[in-house]
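To start, the structure under review is shown below, and the notes come after it.
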Amino acid sequence: MRQDGVAGAQKITIQDIADLAGVSKSTVSRYLNRGYISEAKAARIRVVIEQTGYQANFFAKRLKMKRSKLIGIVLPRMDSVSVGKLLSGIGRILEPAGYQGILLVSQLQEEKELENIVKFSQQGVDGIIVDSIGITPRHVALTRQLDMPLVYTGQQREGLRCLKIDDYAAGRLMGAYLRQMGHVRAVFLGVSEKDRAVGIDRKQGFIDAFAEGRPEARVTFMETGFDFFGSMQNLVGFWISHIRRTA
């Protein structure tokens with residue numbers, strides 16, 4: 001009879017499982033940690049676990065295995081389509097490997113991003129993934145102090161583990177599209193150059209492709225944040241002021 005989910009039911013322990021299966025406590029422990037035991041003993045333990053609904057305490061297993069099976073994920077924000085796709089991709093890799101991701105959000109603040117990295121390192125996760133707004137010398141120094149794997153996404157820095165798309169090529173795709181549409185003037189909304197991937201590489205790719213072979217082509221740059229609606233308001237304000245100047 002299963003004991004889980006019943007109000008007032010006595011908690012099942014490893015010793016209880018051992019007694020019911022007729023094996024030693026150490027044998028049950030080896031079974032739970034995937035160590036070697038005979039098939040006959042494994043079968044008896046498996047039956048008892050199924051009957052009692054026993055679940056090994058996560059933190060007890062963590063201490064014993066010296067691995068948390070947790071990956072810390074530092075995100076710049078949550079209200080983003082790209083962040084959703086990133087989490088979906090990370091999940092497809094972590095879950096089959098038996099890992100879980102836990103999240104901390106930096107609210108697009110460099111200082112908070114660094115603090116979140118430190119928090120995860122102190123919590124004993126097995127690794128950290130940082131979707132960074134920009135890798136600074138402080139990021140480099142902190143990363144080199146850690147005794148666990150850390151991977152940055154969305155940015156590139158020599159000497160660190162990084163995973164990013166080709167932002168220059170992405171910018172060229174956008175610029176080439178507008179050039180093919182016959183436009184000669186464009187407004188590029190982008191973030192500051194503190195974010196090298198988007199603020200420098202993607203912008204330069206756009207400019208190079210849009211103006212390629214066309215000395216008359218002009219690109220006006222407007223700095224915005226990562227907020228979509230705020231960027232749209234900035235664009236509307238730009239067009240209103242432009243219309244007033246040319247009316």
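We name chains A, B, ... following the order of the structure tokens; residues begin at 1 in each chain, and ligands are numbered from 1 as shown.
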Residues near Ile45 (chain A), cut-off 8 Å, only C-alpha atoms, skip fewer than 2 positions along chain, as a VMD selection string: chain A and resid 17 to 18 21 28 31 41 to 43 47 to 49
Taking a cut-off of 12 Å and counting only C-alpha atoms, can you build a table that, for each residue of region 30-132 of chain A near region 184-202 of chain A, reports the nearest atom pair and how far apart they are in Å (one decimal), sorted by chain then residue number, as a Markdown table?
```
| residue | atom | partner | partner_atom | distance |
| --- | --- | --- | --- | --- |
| A:Leu108 | CA | A:Asp195 | CA | 11.0 |
| A:Gln109 | CA | A:Lys194 | CA | 11.9 |
| A:Glu110 | CA | A:Lys194 | CA | 10.3 |
| A:Asp131 | CA | A:Asp195 | CA | 11.8 |
| A:Ser132 | CA | A:Asp195 | CA | 8.8 |
```
Surrounding residues of Glu158 (chain A) excluding itself and chain neighbours under 5 positions, 12 Å, only C-alpha atoms, as JSON, numbers by chain: {"A": [135, 136, 137, 140, 152, 163]}
Residues of region 115-213 of chain A in helix (DSSP H, G or I), written as an MDAnalysis selection string: chainID A and resid 115:123 137:145 167:180 196:211
DSSP-assigned strand (DSSP E or B) members of region 44-224 of chain A, reported as a PyMOL selection string: chain A and resi 70-75+100-105+127-131+150-153+162-163+185-190+218-223
